[in-house]
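S.K.: To be precise about what I am sending: the file is called upload12.cif and holds mmCIF, C-alpha atoms and all ligand atoms.
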```cif
data_target
loop_
_atom_site.label_atom_id
_atom_site.label_comp_id
_atom_site.auth_asym_id
_atom_site.auth_seq_id
_atom_site.Cartn_x
_atom_site.Cartn_y
_atom_site.Cartn_z
CA MET A 1 4.95 18.14 -12.27
CA THR A 2 1.47 17.02 -11.27
CA GLY A 3 1.10 13.38 -10.29
CA THR A 4 4.67 12.68 -9.24
CA THR A 5 6.15 12.27 -5.80
CA ASP A 6 9.57 13.20 -7.16
CA THR A 7 10.45 16.32 -5.19
CA SER A 8 13.22 17.51 -7.51
CA ALA A 9 10.74 19.08 -9.96
CA ILE A 10 8.89 21.10 -7.32
CA SER A 11 12.19 22.10 -5.65
CA LEU A 12 13.63 23.24 -8.98
CA ARG A 13 10.53 25.22 -9.85
CA PHE A 14 10.62 26.79 -6.39
CA LYS A 15 14.24 27.86 -6.93
CA GLU A 16 13.45 29.29 -10.37
CA THR A 17 10.53 31.25 -8.92
CA PHE A 18 11.93 32.47 -5.62
CA GLY A 19 15.69 32.39 -6.25
CA GLN A 20 16.64 29.96 -3.45
CA ALA A 21 16.06 26.30 -2.59
CA PRO A 22 13.07 25.55 -0.29
CA ASP A 23 13.54 24.60 3.37
CA GLY A 24 11.57 21.44 2.62
CA VAL A 25 8.75 19.78 0.70
CA TRP A 26 5.60 18.44 2.41
CA GLN A 27 2.52 16.65 1.14
CA ALA A 28 -1.00 15.93 2.36
CA PRO A 29 -3.69 13.80 0.70
CA GLY A 30 -7.30 14.40 -0.28
CA ARG A 31 -9.90 11.98 1.08
CA VAL A 32 -12.96 9.94 0.24
CA ASN A 33 -15.47 9.18 2.91
CA LEU A 34 -16.55 5.54 2.94
CA ILE A 35 -19.51 6.32 5.17
CA GLY A 36 -20.62 8.82 7.83
CA GLU A 37 -21.81 11.96 6.08
CA HIS A 38 -22.79 15.18 7.90
CA THR A 39 -22.20 13.37 11.15
CA ASP A 40 -18.92 15.11 12.04
CA TYR A 41 -20.39 18.43 13.20
CA ASN A 42 -23.00 16.44 15.13
CA GLU A 43 -20.18 14.96 17.23
CA GLY A 44 -20.79 11.58 15.60
CA PHE A 45 -18.77 8.98 13.70
CA VAL A 46 -17.09 9.03 10.29
CA LEU A 47 -15.07 6.52 8.28
CA PRO A 48 -13.03 8.32 5.59
CA PHE A 49 -9.63 7.42 4.17
CA ALA A 50 -6.71 9.44 2.85
CA ILE A 51 -6.39 8.87 -0.90
CA ASP A 52 -3.39 8.37 -3.15
CA ARG A 53 -3.71 11.91 -4.51
CA THR A 54 -1.94 14.73 -2.75
CA ALA A 55 -1.20 18.42 -2.50
CA ARG A 56 2.52 19.19 -2.21
CA VAL A 57 4.12 22.37 -0.95
CA ALA A 58 7.70 23.58 -1.14
CA LEU A 59 8.22 26.26 1.48
CA ARG A 60 10.98 28.56 2.67
CA LEU A 61 10.78 30.92 5.61
CA ARG A 62 11.61 34.60 5.00
CA ASP A 63 13.05 37.12 7.41
CA ASP A 64 10.17 39.57 7.04
CA SER A 65 6.39 39.14 7.33
CA ARG A 66 5.67 38.86 3.59
CA VAL A 67 4.04 35.82 2.06
CA ARG A 68 4.49 34.95 -1.60
CA LEU A 69 2.42 32.11 -3.00
CA LEU A 70 2.39 30.41 -6.38
CA SER A 71 0.50 27.34 -7.55
CA THR A 72 0.99 25.18 -10.61
CA PHE A 73 -2.78 25.41 -11.21
CA GLY A 74 -5.57 27.92 -10.78
CA GLY A 75 -4.09 30.64 -13.01
CA GLN A 76 -3.80 33.19 -10.21
CA GLY A 77 -0.16 34.07 -10.79
CA LEU A 78 2.01 35.10 -7.85
CA VAL A 79 -0.07 36.08 -4.83
CA GLU A 80 1.56 38.42 -2.31
CA ALA A 81 0.31 39.28 1.14
CA SER A 82 1.55 40.53 4.48
CA LEU A 83 1.00 38.38 7.56
CA ASP A 84 0.27 41.57 9.50
CA ASP A 85 -2.78 42.31 7.33
CA LEU A 86 -4.51 38.90 7.31
CA ARG A 87 -8.19 39.09 8.24
CA PRO A 88 -11.02 36.59 7.83
CA GLY A 89 -12.20 36.84 4.24
CA SER A 90 -8.76 37.91 2.91
CA GLY A 91 -7.41 36.27 -0.23
CA GLN A 92 -9.04 34.63 -3.19
CA GLY A 93 -9.31 31.15 -4.69
CA TRP A 94 -6.78 28.58 -3.48
CA SER A 95 -4.60 31.23 -1.76
CA ARG A 96 -7.21 31.49 1.04
CA TYR A 97 -6.14 28.06 2.29
CA PRO A 98 -2.46 28.74 3.02
CA LEU A 99 -3.31 32.23 4.23
CA GLY A 100 -6.10 30.89 6.45
CA VAL A 101 -3.78 28.37 8.05
CA ALA A 102 -1.12 31.02 8.72
CA TRP A 103 -3.82 33.25 10.22
CA ALA A 104 -5.15 30.46 12.47
CA LEU A 105 -1.66 29.66 13.78
CA GLN A 106 -0.98 33.33 14.47
CA GLU A 107 -4.30 33.69 16.28
CA ARG A 108 -3.25 30.80 18.46
CA GLY A 109 -0.06 32.62 19.37
CA VAL A 110 2.39 30.80 17.11
CA VAL A 111 4.98 33.22 15.72
CA VAL A 112 4.75 32.69 11.96
CA PRO A 113 7.50 34.42 9.94
CA GLY A 114 6.86 35.31 6.29
CA PHE A 115 7.32 32.51 3.77
CA ASP A 116 7.54 31.72 0.09
CA LEU A 117 5.44 28.78 -1.01
CA LEU A 118 4.97 26.80 -4.21
CA LEU A 119 1.94 24.52 -4.37
CA ASP A 120 1.23 21.59 -6.65
CA SER A 121 -1.68 19.17 -6.39
CA ASP A 122 -3.23 16.22 -8.18
CA VAL A 123 -6.36 16.17 -5.99
CA PRO A 124 -9.08 17.18 -8.46
CA LEU A 125 -10.42 20.61 -7.54
CA GLY A 126 -14.07 20.91 -6.57
CA ALA A 127 -14.65 17.15 -6.92
CA GLY A 128 -15.66 16.67 -3.28
CA LEU A 129 -12.33 15.00 -2.47
CA SER A 130 -11.16 17.75 -0.12
CA SER A 131 -8.64 19.42 -2.38
CA SER A 132 -8.82 22.45 -0.09
CA HIS A 133 -8.07 20.45 3.05
CA ALA A 134 -5.19 18.73 1.28
CA ILE A 135 -3.66 22.18 0.72
CA GLU A 136 -4.36 23.32 4.28
CA CYS A 137 -2.97 20.14 5.79
CA ALA A 138 0.21 20.25 3.69
CA VAL A 139 0.76 23.89 4.66
CA ILE A 140 0.01 23.45 8.35
CA THR A 141 2.28 20.40 8.55
CA ALA A 142 5.07 22.46 6.98
CA LEU A 143 4.50 25.53 9.18
CA ASN A 144 4.14 23.44 12.33
CA GLU A 145 7.58 22.02 11.66
CA VAL A 146 9.51 25.06 10.42
CA THR A 147 8.17 27.36 13.14
CA GLY A 148 8.88 24.76 15.82
CA ALA A 149 5.28 25.11 17.03
CA GLY A 150 5.19 21.36 17.72
CA LEU A 151 1.40 20.99 17.68
CA GLY A 152 -0.03 17.46 17.74
CA ALA A 153 -2.39 16.07 15.08
CA GLU A 154 -5.53 16.85 17.10
CA GLU A 155 -4.53 20.48 17.48
CA LEU A 156 -3.65 20.75 13.80
CA VAL A 157 -7.10 19.39 12.96
CA LEU A 158 -8.73 22.13 15.05
CA GLU A 159 -6.52 24.88 13.58
CA THR A 160 -7.37 23.89 9.99
CA GLN A 161 -11.02 23.80 11.00
CA ARG A 162 -10.72 27.36 12.35
CA ALA A 163 -9.06 28.41 9.09
CA GLU A 164 -12.00 26.92 7.14
CA ASN A 165 -14.76 28.15 9.44
CA LEU A 166 -13.52 31.63 10.29
CA PHE A 167 -11.10 32.64 7.53
CA VAL A 168 -12.59 30.94 4.45
CA GLY A 169 -16.15 31.06 5.81
CA ALA A 170 -17.18 27.41 5.26
CA PRO A 171 -18.91 26.02 8.40
CA THR A 172 -17.43 22.52 8.00
CA GLY A 173 -16.55 19.86 10.58
CA ILE A 174 -13.32 17.96 11.28
CA MET A 175 -13.60 14.89 9.06
CA ASP A 176 -11.58 15.96 6.04
CA GLN A 177 -8.51 17.28 7.81
CA SER A 178 -8.53 14.31 10.21
CA ALA A 179 -8.34 11.92 7.24
CA SER A 180 -5.64 13.99 5.59
CA LEU A 181 -3.52 14.40 8.73
CA ARG A 182 -4.16 11.07 10.43
CA GLY A 183 -4.72 8.64 7.53
CA ALA A 184 -2.53 5.57 7.04
CA LYS A 185 -1.76 3.37 4.05
CA GLY A 186 -4.18 0.45 3.74
CA HIS A 187 -6.53 1.82 6.42
CA ALA A 188 -9.70 3.81 6.85
CA VAL A 189 -9.87 6.31 9.70
CA PHE A 190 -12.68 5.53 12.14
CA LEU A 191 -13.02 8.85 13.94
CA ASP A 192 -15.18 9.71 16.91
CA CYS A 193 -15.77 13.40 16.26
CA ARG A 194 -16.69 14.07 19.89
CA ASP A 195 -13.25 13.37 21.33
CA GLN A 196 -11.14 12.90 18.15
CA HIS A 197 -10.38 9.30 19.09
CA VAL A 198 -9.12 7.42 16.01
CA ASP A 199 -9.06 3.70 15.27
CA LEU A 200 -7.38 2.70 12.03
CA VAL A 201 -9.49 0.06 10.30
CA PRO A 202 -7.82 -2.12 7.63
CA PHE A 203 -9.44 -1.53 4.22
CA ASP A 204 -7.87 -3.69 1.53
CA ALA A 205 -10.36 -3.74 -1.34
CA GLU A 206 -7.91 -5.42 -3.70
CA ALA A 207 -7.50 -8.44 -1.44
CA SER A 208 -11.28 -8.87 -1.63
CA GLY A 209 -11.28 -8.63 -5.43
CA LEU A 210 -12.78 -5.12 -5.33
CA VAL A 211 -11.88 -1.61 -6.40
CA LEU A 212 -13.26 1.64 -5.05
CA LEU A 213 -14.25 3.76 -8.02
CA VAL A 214 -14.65 7.51 -7.70
CA ILE A 215 -17.08 9.08 -10.14
CA ASP A 216 -16.46 12.82 -10.30
CA THR A 217 -19.71 14.24 -11.65
CA LYS A 218 -18.04 17.58 -12.44
CA VAL A 219 -20.93 19.32 -10.70
CA SER A 220 -19.14 21.91 -8.63
CA HIS A 221 -20.20 22.73 -5.11
CA SER A 222 -19.06 25.05 -2.36
CA HIS A 223 -19.56 24.51 1.34
CA ALA A 224 -19.47 28.27 1.79
CA ASP A 225 -22.84 28.34 -0.04
CA GLY A 226 -26.09 28.13 1.88
CA GLY A 227 -26.96 24.42 1.53
CA TYR A 228 -24.33 23.05 3.89
CA ALA A 229 -24.99 25.74 6.52
CA SER A 230 -28.74 25.22 6.39
CA ARG A 231 -28.34 21.45 6.97
CA ARG A 232 -26.10 22.20 9.91
CA ALA A 233 -28.66 24.65 11.30
CA SER A 234 -31.41 22.00 11.02
CA CYS A 235 -29.28 19.55 12.97
CA GLU A 236 -28.63 22.11 15.69
CA LEU A 237 -32.32 22.90 15.89
CA GLY A 238 -33.12 19.18 16.13
CA ALA A 239 -30.65 18.70 18.98
CA GLN A 240 -32.04 21.72 20.81
CA VAL A 241 -35.66 20.60 20.54
CA LEU A 242 -34.71 17.07 21.63
CA GLY A 243 -32.75 18.47 24.57
CA VAL A 244 -29.39 16.89 23.76
CA ARG A 245 -25.92 18.39 23.38
CA ALA A 246 -25.59 17.05 19.82
CA LEU A 247 -27.40 14.55 17.57
CA ARG A 248 -24.71 12.05 18.50
CA ASP A 249 -26.73 11.61 21.68
CA VAL A 250 -29.86 10.45 19.84
CA GLY A 251 -30.21 6.73 19.06
CA VAL A 252 -32.20 4.97 16.36
CA GLU A 253 -34.55 3.81 19.12
CA ASP A 254 -35.33 7.47 19.97
CA LEU A 255 -36.58 8.36 16.50
CA GLU A 256 -40.18 7.35 17.09
CA GLU A 257 -40.47 9.70 20.01
CA ALA A 258 -38.62 12.43 18.08
CA ALA A 259 -41.29 12.20 15.37
CA GLY A 260 -43.80 13.51 17.90
CA VAL A 261 -41.91 16.73 18.65
CA LEU A 262 -40.01 17.69 15.48
CA ASP A 263 -41.43 19.32 12.37
CA GLY A 264 -41.31 17.18 9.21
CA THR A 265 -38.16 18.63 7.66
CA THR A 266 -36.17 18.66 10.90
CA LEU A 267 -37.23 15.08 11.59
CA ARG A 268 -35.89 13.93 8.22
CA ARG A 269 -32.58 15.77 8.77
CA VAL A 270 -32.26 14.25 12.25
CA ARG A 271 -33.20 10.78 10.98
CA HIS A 272 -30.40 10.92 8.42
CA VAL A 273 -27.77 11.80 11.01
CA VAL A 274 -28.98 9.27 13.57
CA THR A 275 -29.22 6.37 11.12
CA GLU A 276 -25.94 7.37 9.45
CA ASN A 277 -24.07 7.21 12.77
CA ASP A 278 -25.51 3.74 13.23
CA ARG A 279 -24.40 2.72 9.73
CA VAL A 280 -20.83 3.83 10.47
CA LEU A 281 -20.71 1.63 13.55
CA GLN A 282 -22.14 -1.30 11.58
CA ALA A 283 -19.62 -0.73 8.78
CA VAL A 284 -16.67 -0.78 11.20
CA GLU A 285 -17.91 -3.99 12.74
CA LEU A 286 -18.50 -5.67 9.37
CA LEU A 287 -15.14 -4.55 7.98
CA GLY A 288 -13.42 -6.11 10.97
CA ALA A 289 -15.36 -9.36 10.73
CA GLN A 290 -15.82 -9.88 6.99
CA GLY A 291 -13.90 -7.23 5.03
CA PRO A 292 -14.87 -4.65 2.38
CA GLY A 293 -17.21 -7.01 0.48
CA SER A 294 -19.69 -6.90 3.36
CA ILE A 295 -20.53 -3.18 3.52
CA GLY A 296 -22.22 -2.62 0.14
CA HIS A 297 -25.76 -2.49 1.52
CA LEU A 298 -24.71 0.18 4.03
CA LEU A 299 -23.34 2.39 1.24
CA ASP A 300 -26.65 2.04 -0.61
CA ALA A 301 -28.69 2.87 2.49
CA SER A 302 -26.47 5.88 3.19
CA HIS A 303 -27.08 7.23 -0.29
CA ALA A 304 -30.84 6.78 -0.03
CA SER A 305 -30.81 8.60 3.30
CA MET A 306 -28.87 11.53 1.86
CA ARG A 307 -31.09 11.66 -1.21
CA ASP A 308 -34.43 11.42 0.58
CA ASP A 309 -33.95 12.60 4.16
CA PHE A 310 -31.00 15.00 4.08
CA GLU A 311 -31.69 16.11 0.48
CA ILE A 312 -28.11 16.85 -0.51
CA SER A 313 -27.80 14.67 -3.61
CA CYS A 314 -28.36 15.86 -7.19
CA PRO A 315 -29.47 14.14 -10.44
CA GLU A 316 -25.89 13.48 -11.55
CA LEU A 317 -24.93 11.81 -8.24
CA ASP A 318 -28.12 9.73 -8.25
CA LEU A 319 -27.49 8.60 -11.81
CA ALA A 320 -23.86 7.68 -11.03
CA VAL A 321 -25.01 5.61 -8.04
CA GLU A 322 -27.93 3.91 -9.81
CA THR A 323 -25.93 3.07 -12.92
CA SER A 324 -23.04 1.65 -10.91
CA ARG A 325 -25.40 -0.56 -8.94
CA ALA A 326 -27.19 -1.76 -12.09
CA ASN A 327 -23.87 -2.75 -13.65
CA GLY A 328 -22.26 -4.77 -10.90
CA SER A 329 -21.10 -2.44 -8.11
CA ILE A 330 -21.94 -3.97 -4.74
CA GLY A 331 -22.65 -0.61 -3.10
CA ALA A 332 -22.50 3.04 -4.07
CA ARG A 333 -23.12 6.44 -2.55
CA MET A 334 -22.31 10.10 -2.91
CA THR A 335 -19.31 11.09 -0.81
CA GLY A 336 -18.55 14.40 0.92
CA GLY A 337 -20.74 17.39 1.61
CA GLY A 338 -23.08 16.91 -1.34
CA PHE A 339 -24.80 19.21 -3.87
CA GLY A 340 -22.29 17.92 -6.46
CA GLY A 341 -18.82 16.42 -6.28
CA SER A 342 -18.20 12.70 -6.43
CA ALA A 343 -19.84 9.32 -5.85
CA ILE A 344 -17.99 6.19 -4.81
CA ALA A 345 -18.83 2.71 -6.10
CA LEU A 346 -17.43 -0.44 -4.50
CA THR A 347 -16.99 -2.68 -7.52
CA PRO A 348 -15.77 -6.22 -8.22
CA VAL A 349 -12.60 -6.03 -10.35
CA GLY A 350 -14.33 -7.97 -13.15
CA HIS A 351 -17.12 -5.36 -13.40
CA GLU A 352 -14.96 -2.25 -13.33
CA GLN A 353 -14.92 -1.66 -17.08
CA GLN A 354 -18.62 -2.30 -17.43
CA VAL A 355 -19.44 0.19 -14.69
CA ARG A 356 -17.16 2.83 -16.17
CA SER A 357 -18.65 2.53 -19.68
CA ALA A 358 -22.23 2.37 -18.42
CA VAL A 359 -21.83 5.51 -16.29
CA VAL A 360 -20.23 7.46 -19.14
CA ARG A 361 -23.02 6.34 -21.51
CA SER A 362 -25.80 7.18 -19.06
CA PHE A 363 -24.35 10.66 -18.48
CA ALA A 364 -24.17 11.28 -22.24
CA ARG A 365 -27.75 10.12 -22.65
CA ALA A 366 -28.93 12.44 -19.87
CA GLY A 367 -27.06 15.38 -21.41
CA PHE A 368 -24.71 15.67 -18.40
CA THR A 369 -21.02 16.64 -18.61
CA GLU A 370 -18.77 13.58 -19.04
CA PRO A 371 -17.72 12.35 -15.59
CA ASP A 372 -14.16 11.54 -14.62
CA ILE A 373 -13.84 7.99 -13.21
CA PHE A 374 -10.81 6.64 -11.38
CA THR A 375 -9.85 4.31 -8.53
CA VAL A 376 -8.48 5.30 -5.14
CA THR A 377 -6.74 3.35 -2.41
CA PRO A 378 -6.05 4.29 1.22
CA ALA A 379 -2.74 6.12 1.44
CA ALA A 380 -0.54 7.75 4.07
CA GLY A 381 -1.53 10.97 5.80
CA ALA A 382 0.45 14.23 5.68
CA LEU A 383 4.22 13.93 5.76
CA ARG A 384 7.51 15.59 4.88
CA LEU A 385 8.93 14.46 1.55
CA ALA A 386 12.26 16.29 1.50
C1 LIG B 1 -17.56 18.36 3.94
C2 LIG B 1 -17.04 18.92 5.26
C3 LIG B 1 -16.91 17.84 6.32
C4 LIG B 1 -18.17 17.01 6.44
C5 LIG B 1 -18.67 16.58 5.06
C6 LIG B 1 -20.00 15.90 5.14
O1 LIG B 1 -16.63 17.50 3.37
O2 LIG B 1 -15.79 19.54 5.05
O3 LIG B 1 -16.56 18.44 7.54
O4 LIG B 1 -19.16 17.71 7.14
O5 LIG B 1 -18.78 17.67 4.16
O6 LIG B 1 -19.89 14.68 5.77
#
```
Output the structure of this file as structure tokens.
M.R.:
Amino acid sequence: MTGTTDTSAISLRFKETFGQAPDGVWQAPGRVNLIGEHTDYNEGFVLPFAIDRTARVALRLRDDSRVRLLSTFGGQGLVEASLDDLRPGSGQGWSRYPLGVAWALQERGVVVPGFDLLLDSDVPLGAGLSSSHAIECAVITALNEVTGAGLGAEELVLETQRAENLFVGAPTGIMDQSASLRGAKGHAVFLDCRDQHVDLVPFDAEASGLVLLVIDTKVSHSHADGGYASRRASCELGAQVLGVRALRDVGVEDLEEAAGVLDGTTLRRVRHVVTENDRVLQAVELLGAQGPGSIGHLLDASHASMRDDFEISCPELDLAVETSRANGSIGARMTGGGFGGSAIALTPVGHEQQVRSAVVRSFARAGFTEPDIFTVTPAAGALRLA
């Protein structure tokens, strides 16, 4: 079933599992972030896009408060829960995402009846492409519709964030779900994370003779682990010492003065966020004026900043980036929260094969697990399929 947008297979499997046809089928995409990393929770700027890989859910409301969940992956079997018993921390594995979303909607006062749900996804799990947000966004889009809650995209973004932060326990920002819910084919999502204002920026790599390669290092990461939270804490400390609401309010021109009052580590964390915000703004301007071929140097600078100042890269990500650059990519960087996951490499079509082979060879030589390498293009955000 994986990899198709044909809804008959998921509907049939739903009927076989739960005995009745679903009320509908919804999908939501994963994302890559072109640039703007760890800027979202600093009320800054990000430039992700929704990718052509999606989570799909078939869902049917029940007339009691039971939830029954099954996925085509993850080997968890049928998961059963009662909506009356949901508490932060309930559930395991992928089932935390649909349960977390149902919990967040209930907390907000939406009456959520029980439901049966079948989930399928071709967003690689743990690859830093927001497979978890794809699930959450597909489920919240479905529940928003079938319950008649009628929440707008900005509210859905905040509810999925609450599910992640409070129910799953990952202190993440709003970038991933904004890309998944608000993405559009052929466009990147330029998001101001302070007020959720979105501008869709055309991103047509193909027309510029480029592809965007994703290199999944297979190094797994979890944003519920300490690394992400400690970076966030450093940013909050930096903002507090500098006397601003969020690091969004610090400009590149303020960094010299900041160096006089911040300790060394906090200064480097702050410098990453401040320069990264600036790079996002530059990227948006360049994309508008000259297209995707003009932002390579910004991707490179972003990676260096995450490697050296924010310290969230890892040897596999660095090797993927360096090897891509040495073999023809015009810019490359890790994407997502870091500590593993994927790199992206903006690559001329004629160099794609060379980059792929060189990265696979360099990983083998270094004794790393073979990476998975594929292309992505900007695709539509969450929608109802049937
Ligand atoms: C993860 C989080 C996002 C964002 C990125 C880093 O993907 O879910 O909110 O903070 O890391 O840019």
S.K.: Collect all residues with atoms no farther than 7 Å from ligand LIG 1 (chain B), counting only C-alpha atoms and all ligand atoms, and output them as a ChimeraX atom specification.
M.R.: /A:36-41,128,130,172-176,223,336-337
S.K.: Write out, as a short mmCIF file (atom, residue, chain, number, x, y, z; two decimals), keeping the file's coordinate frame, the residues just selected, with C-alpha atoms.
M.R.:
```
data_model
loop_
_atom_site.label_atom_id
_atom_site.label_comp_id
_atom_site.auth_asym_id
_atom_site.auth_seq_id
_atom_site.Cartn_x
_atom_site.Cartn_y
_atom_site.Cartn_z
CA GLY A 36 -20.62 8.82 7.83
CA GLU A 37 -21.81 11.96 6.08
CA HIS A 38 -22.79 15.18 7.90
CA THR A 39 -22.20 13.37 11.15
CA ASP A 40 -18.92 15.11 12.04
CA TYR A 41 -20.39 18.43 13.20
CA GLY A 128 -15.66 16.67 -3.28
CA SER A 130 -11.16 17.75 -0.12
CA THR A 172 -17.43 22.52 8.00
CA GLY A 173 -16.55 19.86 10.58
CA ILE A 174 -13.32 17.96 11.28
CA MET A 175 -13.60 14.89 9.06
CA ASP A 176 -11.58 15.96 6.04
CA HIS A 223 -19.56 24.51 1.34
CA GLY A 336 -18.55 14.40 0.92
CA GLY A 337 -20.74 17.39 1.61
#
```
S.K.: For each of A:Ser121, A:Thr275, A:Gln106, A:Ser313, take the minimum atom-to-atom distance to Asp52 in chain A, counting all atoms listed in the file, then give the residue where this is smallest.
M.R.: A:Ser121
S.K.: Which of these, A:Gly260, A:Ser324, A:Val349, A:Arg248, has the shortest distance to Gly44 in chain A once you count only C-alpha atoms?
M.R.: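 The closest residue to Gly44 in chain A is A:Arg248.
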S.K.: I need the residue nearest Leu191 in chain A from this list: A:Cys235, A:Val360, A:Val111, A:Leu47. Use only C-alpha atoms for the distance.
M.R.: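 Among the listed residues, A:Leu47 lies closest to Leu191 in chain A.
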S.K.: Measure the distance from CA of Ala386 in chain A to CA of Ala142 in chain A in Å and round it to one decimal.
M.R.: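 These atoms are spaced 10.9 Å apart.
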S.K.: Would you pick out the contacts of range 67-79 of chain A at 10 Å or less, using only C-alpha atoms, so that residues sharing its chain but fewer than 5 positions from it are not included, and give the list as number ranges by chain?
M.R.: A: 1-2, 10, 13-14, 17-18, 56-57, 59, 61-62, 91-95, 98-99, 102, 113-122, 125
S.K.: Taking only C-alpha atoms into account, which of A:Val241, A:Ala233, A:Leu156, A:Val110 comes nearest Asn42 in chain A?
M.R.: A:Ala233
S.K.: Residues at most 7 Å from Leu299 in chain A, counting all atoms listed in the file, excluding those fewer than 4 positions away in the same chain, as a PyMOL selection string?
M.R.: chain A and resi 35+295+303+331-333
S.K.: With a distance cut-off of 10 Å and only C-alpha atoms, select the neighbouring residues of Ala326 in chain A, excluding the residue or stretch itself and same-chain residues fewer than 4 positions from it, and output the selection as number ranges by chain.
M.R.: A: 321-322, 330, 355, 358-359
S.K.: Enter the distance from CA of Phe167 in chain A to CA of Gly238 in chain A, in Å, rounded to one decimal.
M.R.: 27.2 Å
S.K.: Anything within 10 Å of (-20.6, 7.2, -14.2): list those residues as number ranges by chain, counting all atoms listed in the file and sticking to the file's coordinates.
M.R.: A: 213-217, 316-324, 342-345, 355-364, 370-373
S.K.: With C-alpha atoms retained, could you export that selection as a short mmCIF file (atom, residue, chain, number, x, y, z; two decimals), in the coordinates of the input?
M.R.:
```
data_model
loop_
_atom_site.label_atom_id
_atom_site.label_comp_id
_atom_site.auth_asym_id
_atom_site.auth_seq_id
_atom_site.Cartn_x
_atom_site.Cartn_y
_atom_site.Cartn_z
CA LEU A 213 -14.25 3.76 -8.02
CA VAL A 214 -14.65 7.51 -7.70
CA ILE A 215 -17.08 9.08 -10.14
CA ASP A 216 -16.46 12.82 -10.30
CA THR A 217 -19.71 14.24 -11.65
CA GLU A 316 -25.89 13.48 -11.55
CA LEU A 317 -24.93 11.81 -8.24
CA ASP A 318 -28.12 9.73 -8.25
CA LEU A 319 -27.49 8.60 -11.81
CA ALA A 320 -23.86 7.68 -11.03
CA VAL A 321 -25.01 5.61 -8.04
CA GLU A 322 -27.93 3.91 -9.81
CA THR A 323 -25.93 3.07 -12.92
CA SER A 324 -23.04 1.65 -10.91
CA SER A 342 -18.20 12.70 -6.43
CA ALA A 343 -19.84 9.32 -5.85
CA ILE A 344 -17.99 6.19 -4.81
CA ALA A 345 -18.83 2.71 -6.10
CA VAL A 355 -19.44 0.19 -14.69
CA ARG A 356 -17.16 2.83 -16.17
CA SER A 357 -18.65 2.53 -19.68
CA ALA A 358 -22.23 2.37 -18.42
CA VAL A 359 -21.83 5.51 -16.29
CA VAL A 360 -20.23 7.46 -19.14
CA ARG A 361 -23.02 6.34 -21.51
CA SER A 362 -25.80 7.18 -19.06
CA PHE A 363 -24.35 10.66 -18.48
CA ALA A 364 -24.17 11.28 -22.24
CA GLU A 370 -18.77 13.58 -19.04
CA PRO A 371 -17.72 12.35 -15.59
CA ASP A 372 -14.16 11.54 -14.62
CA ILE A 373 -13.84 7.99 -13.21
#
```
S.K.: Determine the nearest neighbour of Pro315 in chain A from the options A:Leu298, A:Gly367, A:Gln354, A:Val280, counting only C-alpha atoms.
M.R.: A:Gly367
S.K.: Within 10 Å of (-7.0, 9.6, 5.6) (file coordinates; all atoms listed in the file), which protein or nucleic acid residues are there? I'd like them as JSON, numbers by chain.
M.R.: {"A": [28, 29, 30, 31, 32, 33, 47, 48, 49, 50, 51, 52, 175, 176, 177, 178, 179, 180, 181, 182, 183, 184, 185, 186, 187, 188, 189, 190, 200, 378, 379, 380, 381, 382]}
S.K.: Would you mind exporting C-alpha atoms of the selected residues as a tab-separated table (two decimals), keeping the file's coordinate frame?
M.R.:
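What ended up in out.tsv:
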```tsv
chain	number	residue	atom	x	y	z
A	28	ALA	CA	-1.00	15.93	2.36
A	29	PRO	CA	-3.69	13.80	0.70
A	30	GLY	CA	-7.30	14.40	-0.28
A	31	ARG	CA	-9.90	11.98	1.08
A	32	VAL	CA	-12.96	9.94	0.24
A	33	ASN	CA	-15.47	9.18	2.91
A	47	LEU	CA	-15.07	6.52	8.28
A	48	PRO	CA	-13.03	8.32	5.59
A	49	PHE	CA	-9.63	7.42	4.17
A	50	ALA	CA	-6.71	9.44	2.85
A	51	ILE	CA	-6.39	8.87	-0.90
A	52	ASP	CA	-3.39	8.37	-3.15
A	175	MET	CA	-13.60	14.89	9.06
A	176	ASP	CA	-11.58	15.96	6.04
A	177	GLN	CA	-8.51	17.28	7.81
A	178	SER	CA	-8.53	14.31	10.21
A	179	ALA	CA	-8.34	11.92	7.24
A	180	SER	CA	-5.64	13.99	5.59
A	181	LEU	CA	-3.52	14.40	8.73
A	182	ARG	CA	-4.16	11.07	10.43
A	183	GLY	CA	-4.72	8.64	7.53
A	184	ALA	CA	-2.53	5.57	7.04
A	185	LYS	CA	-1.76	3.37	4.05
A	186	GLY	CA	-4.18	0.45	3.74
A	187	HIS	CA	-6.53	1.82	6.42
A	188	ALA	CA	-9.70	3.81	6.85
A	189	VAL	CA	-9.87	6.31	9.70
A	190	PHE	CA	-12.68	5.53	12.14
A	200	LEU	CA	-7.38	2.70	12.03
A	378	PRO	CA	-6.05	4.29	1.22
A	379	ALA	CA	-2.74	6.12	1.44
A	380	ALA	CA	-0.54	7.75	4.07
A	381	GLY	CA	-1.53	10.97	5.80
A	382	ALA	CA	0.45	14.23	5.68
```
S.K.: One decimal, in Å: what's the spacing between CA of Ser208 in chain A and CA of Gly293 in chain A?
M.R.: 6.6 Å
S.K.: Where's the centre, and what are the edge lengths in Å to one decimal, of a box along x, y and z enclosing all listed atoms of range 143-158 of chain A padded 6 Å per side, as JSON?
M.R.:
```
{"center_x": 0.4, "center_y": 21.7, "center_z": 13.5, "size_x": 30.2, "size_y": 23.3, "size_z": 20.6}
```
S.K.: Counting all atoms listed in the file, which residue out of A:Val46, A:Leu383, A:Val219, A:Leu247 sits closest to Ile140 in chain A?
M.R.: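 Of all the options, A:Leu383 lies closest to Ile140 in chain A.
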